[in-house]
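*Asks:* Before we start, here is the structure in question, set down as structure tokens.
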Amino acid sequence: MDGTQLIGTKGDGMTLSEKRILLIIGGGIAAYKCLDLIRRLRERGASVRCVMTEGAQQFITPLAVGALSADHVFTELFDRQDEHDVGHIRLSREADLIVVAPATANLMAKMANGLADDLASTVLLATNKRVLIAPAMNPRMWSHAATQRNRATLERDGIAFIGPARGEMAESGEAGDGRMAEPLEIVTAIEQLLTDTPKPLAGKKIIVTSGPTHEPIDPVRYIANRSSGKQGHAIAAALARLGAQVHLVSGPVTIPDPAGVHVEHVETARQMKAAVEAALPADAGVFVAAVADWRTDGESGQKIKKEEGKGPPALQMVENPDILATIGHHAQRPRLVVGFAAETQNVVENARRKLAKKRANLIVANDVSHDSGINAAGVMGGDRNVVRVVSADGVDEWPEMSKDEVAARLADVIATRLGN
Ligand SMILES: Cc1cc2nc3c(=O)[nH]c(=O)nc-3n(C[C@H](O)[C@H](O)[C@H](O)COP(=O)(O)O)c2cc1C
């Protein structure tokens, strides 16, 4: 299946023709990115009407926003002319989707608590339309307990999120979760919300793991593998597109968080297991992460020094928990458990064995040997994959395809299995 069809991409690129977007711009540094966002949305045929908070006007001007949106820019709640011509209620209803970008910590707090003390927050409270928010703030503001409480409330209220992503902040020397999603990622999230894709997984909660784990040796060294997280993240995104509520537990990766997915970042296998167990119950678990099988027995608190005549340290290894087997045998086992297996030999035989031993319903096996056609370095880290799906029903061999295509096809299989 062509993954792009899932978001209803039209051949002419006008994926949002006749769609009306109300863009609420908050007072954050990332407000400048909205100028590009407006342009990208209009290129795709959408009409964009903008509301700017007072804070937003400190960062970009209504003149620039109006020039790019080719519409009047709304800034005041108590503007007699605006209120007469359009009014905050009409503004909030005459849109197919409301997008808040950047969604400041302040705007999130107001939304979560039903405050309506300016035009932006009043529109957000008065609307009967879906709302997508793109949070952007300093990592400490994002991780603050108050903001996380507000995030959880907004998620419960059905507000859709895109980002924030992890990365460098505008403030020098600060990095972490809080960077606003890039304009094109926001556009994709908007397309997903506005196109009439069937949602066979609506109401289903699915846990996905992705990426490698890092097992520390000492404060500066760790054991890792080549997993990029591309396949797991693509699966999380594909499941979300089919309407699932996705909880993605991601190891350390350098790719952005997928759209429409709740992401929890972890480092080690033990943290990943704890995060997965805490996310239960779920309808399905898809375990794509390349979890390290072993870790060193006890992390050295100090950097292990290279000393003359002493030779290399003898690292004692111990086994990590097996997350797939743990969940397969868990008292709260999801109805559908899907494992991934990277093998270099006897791929199907090993997958069959895992199916039984780990109580999985499906094992998606990929051959990462150098004679598989796509070599180990190609599958782990690359954009393509060739898999066999092993279940009690037999072995389904899929042709080589992109990781996005594997993700879309697997999401369909999961939807079918959960639907029965
Ligand atoms: C230089 C500067 C940058 C700021 N960047 C952000 C930001 O990225 N995210 C955020 O939540 N608040 C940021 N703030 C704080 C908001 O501007 C402030 O909370 C404001 O009240 C938000 O108003 P609004 O939510 O109505 O737009 C920043 C403030 C300053 C002075």
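Residues are named by chain letter and number: chains run A, B, ... in the order of the structure tokens, numbers start at 1 in each chain, and ligands are numbered from 1 in the order shown.
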Could you please write out, as a PyMOL selection string, every residue of range 114-345 of chain A that DSSP assigns to strand (DSSP E or B)?
*Replies:* chain A and resi 131-135+160-161+165-168+175-179+205-210+212+215-216+222-223+245-250+262-265+284-287+290+294-296+317-319+336-343
*Asks:* Find the spatial neighbours of Ala189 in chain A, counting only C-alpha atoms, within a cut-off of 7 Å - ignore same-chain residues fewer than 4 positions away - and output them as a PyMOL selection string.
*Replies:* chain A and resi 162+185+193+259-260
*Asks:* Could you pull the residues within 12 Å of Val387 in chain A, counting only C-alpha atoms, minus those fewer than 5 positions along the same chain, as a PyMOL selection string?
*Replies:* chain A and resi 231+340-343+347-348+351+363-368+372-374+379+395-403+405-407+409-410
*Asks:* Those same residues, written as a tab-separated table (two decimals), in the first residue's frame with C-alpha atoms?
*Replies:*
```
chain	number	residue	atom	x	y	z
A	231	GLN	CA	10.57	1.59	11.70
A	340	PHE	CA	10.01	-7.71	16.01
A	341	ALA	CA	12.98	-9.97	15.51
A	342	ALA	CA	16.16	-9.03	13.75
A	343	GLU	CA	17.90	-12.23	12.75
A	347	VAL	CA	14.93	-16.25	10.37
A	348	VAL	CA	11.57	-18.05	10.20
A	351	ALA	CA	10.61	-16.29	14.72
A	363	ILE	CA	6.51	-11.85	14.99
A	364	VAL	CA	7.73	-9.52	12.28
A	365	ALA	CA	11.08	-10.99	11.34
A	366	ASN	CA	13.71	-9.20	9.35
A	367	ASP	CA	16.83	-10.71	7.98
A	368	VAL	CA	19.67	-8.37	8.82
A	372	SER	CA	19.65	-10.53	2.76
A	373	GLY	CA	19.80	-8.09	-0.15
A	374	ILE	CA	19.61	-5.11	2.19
A	379	VAL	CA	17.97	-2.29	7.49
A	395	VAL	CA	4.46	-17.14	7.28
A	396	ASP	CA	3.57	-14.14	5.17
A	397	GLU	CA	6.50	-12.92	3.07
A	398	TRP	CA	6.32	-9.22	2.20
A	399	PRO	CA	8.35	-7.81	-0.67
A	400	GLU	CA	11.05	-5.24	0.00
A	401	MET	CA	9.45	-1.87	0.66
A	402	SER	CA	10.01	1.38	2.52
A	403	LYS	CA	9.68	1.41	6.29
A	405	GLU	CA	5.01	1.08	3.66
A	406	VAL	CA	5.82	-1.74	6.10
A	407	ALA	CA	4.27	0.44	8.82
A	409	ARG	CA	0.66	-2.53	5.96
A	410	LEU	CA	1.30	-3.71	9.51
```
*Asks:* Using only C-alpha atoms and all ligand atoms, find each residue with an atom at most 8 Å away from ligand 1 and format the answer as a PyMOL selection string.
*Replies:* chain A and resi 25-30+52-56+102-108+118+120+135-138+141
*Asks:* For a test of reading the model, state the distance in Å between CA of Leu35 in chain A and CA of Thr153 in chain A, rounded to one decimal.
*Replies:*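 One can read the CA of Leu35 in chain A to CA of Thr153 in chain A distance as 29.0 Å.
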*Asks:* When you count only C-alpha atoms, which of these residues is closest to Ala238 in chain A: A:Ile206, A:Ala274, A:Val266, A:Pro216?
*Replies:*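 Answer, going by the shortest atom-to-atom distance: A:Ile206.
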*Asks:* When you count only C-alpha atoms, which of these residues is closest to Lys230 in chain A: A:Gly339, A:Pro200, A:Gly311, A:Pro212?
*Replies:*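 Among the listed residues, the smallest separation from Lys230 in chain A belongs to A:Pro212.
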*Asks:* Can you check which residues of range 256-345 of chain A DSSP gives as helix (DSSP H, G or I) on the backbone and send them as a PDB file with N, CA and C atoms, in the first residue's frame?
*Replies:*
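Everything below was put into states-v7.pdb:
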```
ATOM      1  N   ALA A 269      17.041  -0.467  28.867  1.00  0.00           N
ATOM      2  CA  ALA A 269      16.026  -1.526  28.745  1.00  0.00           C
ATOM      3  C   ALA A 269      15.123  -1.551  29.973  1.00  0.00           C
ATOM      4  N   ARG A 270      15.730  -1.353  31.143  1.00  0.00           N
ATOM      5  CA  ARG A 270      14.911  -1.417  32.363  1.00  0.00           C
ATOM      6  C   ARG A 270      13.921  -0.260  32.422  1.00  0.00           C
ATOM      7  N   GLN A 271      14.361   0.936  31.961  1.00  0.00           N
ATOM      8  CA  GLN A 271      13.432   2.078  31.918  1.00  0.00           C
ATOM      9  C   GLN A 271      12.322   1.818  30.892  1.00  0.00           C
ATOM     10  N   MET A 272      12.701   1.188  29.771  1.00  0.00           N
ATOM     11  CA  MET A 272      11.696   0.926  28.725  1.00  0.00           C
ATOM     12  C   MET A 272      10.643  -0.049  29.245  1.00  0.00           C
ATOM     13  N   LYS A 273      11.100  -1.089  29.944  1.00  0.00           N
ATOM     14  CA  LYS A 273      10.154  -2.075  30.498  1.00  0.00           C
ATOM     15  C   LYS A 273       9.207  -1.393  31.488  1.00  0.00           C
ATOM     16  N   ALA A 274       9.773  -0.557  32.358  1.00  0.00           N
ATOM     17  CA  ALA A 274       8.937   0.109  33.362  1.00  0.00           C
ATOM     18  C   ALA A 274       7.907   1.024  32.681  1.00  0.00           C
ATOM     19  N   ALA A 275       8.342   1.725  31.626  1.00  0.00           N
ATOM     20  CA  ALA A 275       7.436   2.652  30.930  1.00  0.00           C
ATOM     21  C   ALA A 275       6.309   1.876  30.240  1.00  0.00           C
ATOM     22  N   VAL A 276       6.669   0.730  29.654  1.00  0.00           N
ATOM     23  CA  VAL A 276       5.648  -0.079  28.959  1.00  0.00           C
ATOM     24  C   VAL A 276       4.642  -0.621  29.983  1.00  0.00           C
ATOM     25  N   GLU A 277       5.142  -1.137  31.082  1.00  0.00           N
ATOM     26  CA  GLU A 277       4.231  -1.703  32.088  1.00  0.00           C
ATOM     27  C   GLU A 277       3.321  -0.619  32.668  1.00  0.00           C
ATOM     28  N   ALA A 278       3.888   0.583  32.856  1.00  0.00           N
ATOM     29  CA  ALA A 278       3.074   1.677  33.415  1.00  0.00           C
ATOM     30  C   ALA A 278       2.002   2.126  32.425  1.00  0.00           C
ATOM     31  N   ALA A 279       2.244   1.880  31.136  1.00  0.00           N
ATOM     32  CA  ALA A 279       1.267   2.320  30.117  1.00  0.00           C
ATOM     33  C   ALA A 279       0.120   1.314  29.943  1.00  0.00           C
ATOM     34  N   ILE A 323      11.371  -7.567  27.334  1.00  0.00           N
ATOM     35  CA  ILE A 323      10.112  -6.798  27.416  1.00  0.00           C
ATOM     36  C   ILE A 323       8.970  -7.531  26.706  1.00  0.00           C
ATOM     37  N   LEU A 324       9.274  -8.102  25.529  1.00  0.00           N
ATOM     38  CA  LEU A 324       8.229  -8.808  24.772  1.00  0.00           C
ATOM     39  C   LEU A 324       7.677  -9.985  25.590  1.00  0.00           C
ATOM     40  N   ALA A 325       8.596 -10.786  26.156  1.00  0.00           N
ATOM     41  CA  ALA A 325       8.148 -11.941  26.940  1.00  0.00           C
ATOM     42  C   ALA A 325       7.406 -11.487  28.199  1.00  0.00           C
ATOM     43  N   THR A 326       7.885 -10.428  28.827  1.00  0.00           N
ATOM     44  CA  THR A 326       7.225  -9.922  30.043  1.00  0.00           C
ATOM     45  C   THR A 326       5.780  -9.556  29.739  1.00  0.00           C
ATOM     46  N   ILE A 327       5.580  -8.831  28.636  1.00  0.00           N
ATOM     47  CA  ILE A 327       4.222  -8.374  28.313  1.00  0.00           C
ATOM     48  C   ILE A 327       3.374  -9.550  27.806  1.00  0.00           C
ATOM     49  N   GLY A 328       4.023 -10.464  27.064  1.00  0.00           N
ATOM     50  CA  GLY A 328       3.308 -11.650  26.569  1.00  0.00           C
ATOM     51  C   GLY A 328       2.735 -12.497  27.698  1.00  0.00           C
TER      52      GLY A 328
END
```
*Asks:* Near range 41-51 of chain A, counting only C-alpha atoms, which residues have an atom at most 7 Å away, once you skip same-chain residues fewer than 2 positions from it, shown as a list in words?
*Replies:*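 Here the qualifying residues turn out to be Gly13, Met14, Thr15, Leu16, Ser17, Glu18, Lys19, Arg20, Ile21, Leu22, Leu23, Ile24, Ile25, Leu37, Ile38, Arg39, Thr53, Ser69, Asp71, Val73, Phe74, Thr75, Ala120 and Val187 of chain A.
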*Asks:* If we count only C-alpha atoms, what is near Pro256 in chain A at a cut-off of 12 Å, once residues fewer than 4 positions away on the same chain are taken out, given as a PDB file with N, CA and C atoms, in the first residue's frame?
*Replies:*
```
ATOM      1  N   ILE A 162       0.794  18.039  18.271  1.00  0.00           N
ATOM      2  CA  ILE A 162       1.917  17.728  17.386  1.00  0.00           C
ATOM      3  C   ILE A 162       3.163  18.270  18.104  1.00  0.00           C
ATOM      4  N   GLY A 163       4.084  17.368  18.432  1.00  0.00           N
ATOM      5  CA  GLY A 163       5.269  17.763  19.192  1.00  0.00           C
ATOM      6  C   GLY A 163       4.921  17.954  20.660  1.00  0.00           C
ATOM      7  N   PRO A 164       5.803  18.612  21.435  1.00  0.00           N
ATOM      8  CA  PRO A 164       7.033  19.225  20.965  1.00  0.00           C
ATOM      9  C   PRO A 164       8.119  18.188  20.695  1.00  0.00           C
ATOM     10  N   ALA A 165       9.113  18.609  19.933  1.00  0.00           N
ATOM     11  CA  ALA A 165      10.223  17.728  19.616  1.00  0.00           C
ATOM     12  C   ALA A 165      11.377  18.033  20.553  1.00  0.00           C
ATOM     13  N   ARG A 166      12.335  17.146  20.498  1.00  0.00           N
ATOM     14  CA  ARG A 166      13.545  17.347  21.297  1.00  0.00           C
ATOM     15  C   ARG A 166      14.547  18.112  20.431  1.00  0.00           C
ATOM     16  N   GLY A 167      15.273  18.999  21.009  1.00  0.00           N
ATOM     17  CA  GLY A 167      16.291  19.684  20.198  1.00  0.00           C
ATOM     18  C   GLY A 167      16.856  20.879  20.903  1.00  0.00           C
ATOM     19  N   ASP A 177      13.159  18.501  25.451  1.00  0.00           N
ATOM     20  CA  ASP A 177      11.823  18.517  24.850  1.00  0.00           C
ATOM     21  C   ASP A 177      11.232  19.910  24.968  1.00  0.00           C
ATOM     22  N   GLY A 178      10.713  20.430  23.900  1.00  0.00           N
ATOM     23  CA  GLY A 178      10.098  21.751  23.971  1.00  0.00           C
ATOM     24  C   GLY A 178      10.135  22.519  22.667  1.00  0.00           C
ATOM     25  N   ARG A 179      10.858  21.968  21.698  1.00  0.00           N
ATOM     26  CA  ARG A 179      10.987  22.647  20.417  1.00  0.00           C
ATOM     27  C   ARG A 179       9.715  22.452  19.599  1.00  0.00           C
ATOM     28  N   MET A 180       9.230  23.503  18.982  1.00  0.00           N
ATOM     29  CA  MET A 180       7.990  23.357  18.198  1.00  0.00           C
ATOM     30  C   MET A 180       8.243  22.460  16.985  1.00  0.00           C
ATOM     31  N   ALA A 181       7.236  21.645  16.644  1.00  0.00           N
ATOM     32  CA  ALA A 181       7.330  20.809  15.441  1.00  0.00           C
ATOM     33  C   ALA A 181       7.568  21.725  14.241  1.00  0.00           C
ATOM     34  N   GLU A 182       8.247  21.197  13.230  1.00  0.00           N
ATOM     35  CA  GLU A 182       8.527  21.996  12.036  1.00  0.00           C
ATOM     36  C   GLU A 182       7.222  22.223  11.254  1.00  0.00           C
ATOM     37  N   GLU A 185       5.753  19.302   9.448  1.00  0.00           N
ATOM     38  CA  GLU A 185       5.177  18.265  10.325  1.00  0.00           C
ATOM     39  C   GLU A 185       3.783  18.700  10.782  1.00  0.00           C
ATOM     40  N   GLY A 211      13.391   2.252  18.568  1.00  0.00           N
ATOM     41  CA  GLY A 211      14.769   2.716  18.766  1.00  0.00           C
ATOM     42  C   GLY A 211      15.621   1.715  19.517  1.00  0.00           C
ATOM     43  N   SER A 228      17.716   2.896  14.452  1.00  0.00           N
ATOM     44  CA  SER A 228      17.483   4.343  14.303  1.00  0.00           C
ATOM     45  C   SER A 228      16.135   4.761  14.864  1.00  0.00           C
ATOM     46  N   GLY A 229      15.230   3.792  15.046  1.00  0.00           N
ATOM     47  CA  GLY A 229      13.865   4.119  15.464  1.00  0.00           C
ATOM     48  C   GLY A 229      12.938   4.419  14.294  1.00  0.00           C
ATOM     49  N   LYS A 230      13.484   4.394  13.063  1.00  0.00           N
ATOM     50  CA  LYS A 230      12.647   4.779  11.914  1.00  0.00           C
ATOM     51  C   LYS A 230      11.446   3.846  11.746  1.00  0.00           C
ATOM     52  N   HIS A 233       8.929   4.277  14.836  1.00  0.00           N
ATOM     53  CA  HIS A 233       8.241   5.571  14.764  1.00  0.00           C
ATOM     54  C   HIS A 233       7.227   5.576  13.615  1.00  0.00           C
ATOM     55  N   ALA A 234       7.611   4.958  12.482  1.00  0.00           N
ATOM     56  CA  ALA A 234       6.685   4.915  11.334  1.00  0.00           C
ATOM     57  C   ALA A 234       5.442   4.100  11.703  1.00  0.00           C
ATOM     58  N   ALA A 237       3.177   6.173  13.923  1.00  0.00           N
ATOM     59  CA  ALA A 237       2.461   7.187  13.126  1.00  0.00           C
ATOM     60  C   ALA A 237       1.346   6.532  12.315  1.00  0.00           C
ATOM     61  N   SER A 250      10.117   5.472  23.403  1.00  0.00           N
ATOM     62  CA  SER A 250      11.240   5.544  22.483  1.00  0.00           C
ATOM     63  C   SER A 250      12.574   5.545  23.219  1.00  0.00           C
ATOM     64  N   PRO A 252      16.832   6.214  22.844  1.00  0.00           N
ATOM     65  CA  PRO A 252      17.502   7.420  22.330  1.00  0.00           C
ATOM     66  C   PRO A 252      17.617   7.397  20.796  1.00  0.00           C
ATOM     67  N   VAL A 261       1.021  11.336  18.365  1.00  0.00           N
ATOM     68  CA  VAL A 261       1.379  10.191  19.211  1.00  0.00           C
ATOM     69  C   VAL A 261       1.896  10.718  20.546  1.00  0.00           C
ATOM     70  N   VAL A 263       4.563  10.487  23.255  1.00  0.00           N
ATOM     71  CA  VAL A 263       5.904   9.892  23.256  1.00  0.00           C
ATOM     72  C   VAL A 263       6.549   9.997  24.633  1.00  0.00           C
ATOM     73  N   HIS A 265      10.262   9.281  26.367  1.00  0.00           N
ATOM     74  CA  HIS A 265      11.655   8.992  26.020  1.00  0.00           C
ATOM     75  C   HIS A 265      12.365   8.287  27.173  1.00  0.00           C
TER      76      HIS A 265
END
```
*Asks:* Skip Asp157 in chain A itself and residues of its chain fewer than 2 positions away, then list as a PyMOL selection string all residues within 12 Å of it, counting only C-alpha atoms.
*Replies:* chain A and resi 111-114+125+130-132+150-155+159-161
*Asks:* How would the residues just picked look written out with N, CA and C atoms as a compact mmCIF listing (two decimals), in the first residue's frame?
*Replies:*
```
# COMPACT_ATOMS: atom_id res chain seq x y z
N MET A 111 -6.25 26.96 28.36
CA MET A 111 -7.15 26.00 27.71
C MET A 111 -7.56 24.90 28.69
N ALA A 112 -6.58 24.42 29.46
CA ALA A 112 -6.87 23.31 30.38
C ALA A 112 -7.82 23.74 31.49
N ASN A 113 -7.83 25.03 31.78
CA ASN A 113 -8.66 25.51 32.89
C ASN A 113 -9.87 26.32 32.45
N GLY A 114 -10.08 26.42 31.15
CA GLY A 114 -11.27 27.11 30.64
C GLY A 114 -11.23 28.62 30.82
N LEU A 125 -12.35 28.50 23.82
CA LEU A 125 -13.39 27.99 24.72
C LEU A 125 -14.75 27.91 24.01
N ARG A 130 -12.49 20.76 16.05
CA ARG A 130 -11.28 20.08 16.58
C ARG A 130 -10.15 21.10 16.72
N VAL A 131 -9.32 20.87 17.70
CA VAL A 131 -8.21 21.78 17.96
C VAL A 131 -6.91 20.96 17.96
N LEU A 132 -5.93 21.46 17.21
CA LEU A 132 -4.59 20.86 17.18
C LEU A 132 -3.63 21.87 17.76
N ASN A 150 -1.47 19.98 32.66
CA ASN A 150 -2.30 20.62 31.64
C ASN A 150 -2.32 19.79 30.35
N ARG A 151 -1.13 19.25 29.99
CA ARG A 151 -1.06 18.41 28.79
C ARG A 151 -2.02 17.22 28.92
N ALA A 152 -1.95 16.55 30.09
CA ALA A 152 -2.80 15.37 30.30
C ALA A 152 -4.29 15.76 30.23
N THR A 153 -4.62 16.90 30.83
CA THR A 153 -6.02 17.35 30.79
C THR A 153 -6.46 17.61 29.35
N LEU A 154 -5.61 18.29 28.60
CA LEU A 154 -5.97 18.62 27.22
C LEU A 154 -6.09 17.36 26.37
N GLU A 155 -5.20 16.39 26.61
CA GLU A 155 -5.31 15.13 25.86
C GLU A 155 -6.64 14.45 26.17
N ILE A 159 -7.96 17.24 22.70
CA ILE A 159 -7.11 18.15 21.92
C ILE A 159 -6.01 17.33 21.27
N ALA A 160 -5.77 17.56 19.98
CA ALA A 160 -4.70 16.83 19.29
C ALA A 160 -3.38 17.58 19.46
N PHE A 161 -2.30 16.83 19.60
CA PHE A 161 -0.96 17.43 19.80
C PHE A 161 -0.05 17.09 18.62
```
*Asks:* Kindly indicate which residue among A:Ser300, A:Thr254, A:Gln345, A:Thr209 lies nearest to Ala236 in chain A, using only C-alpha atoms for the distances.
*Replies:*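 Among the listed residues, A:Thr209 lies closest to Ala236 in chain A.
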*Asks:* Taking into account only C-alpha atoms, which residue in the set A:Arg352, A:Arg333, A:His72, A:Arg295 is nearest to Asp393 in chain A?
*Replies:*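 Among the listed residues, the smallest separation from Asp393 in chain A belongs to A:Arg352.
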*Asks:* Compare A:Leu115, A:Lys205, A:Pro321, A:Leu184 by their minimum atom-to-atom distance to Ala415 in chain A, counting only C-alpha atoms, and give me the closest one.
*Replies:*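 Ranking A:Leu115, A:Lys205, A:Pro321, A:Leu184 by distance to Ala415 in chain A, first place goes to A:Lys205.
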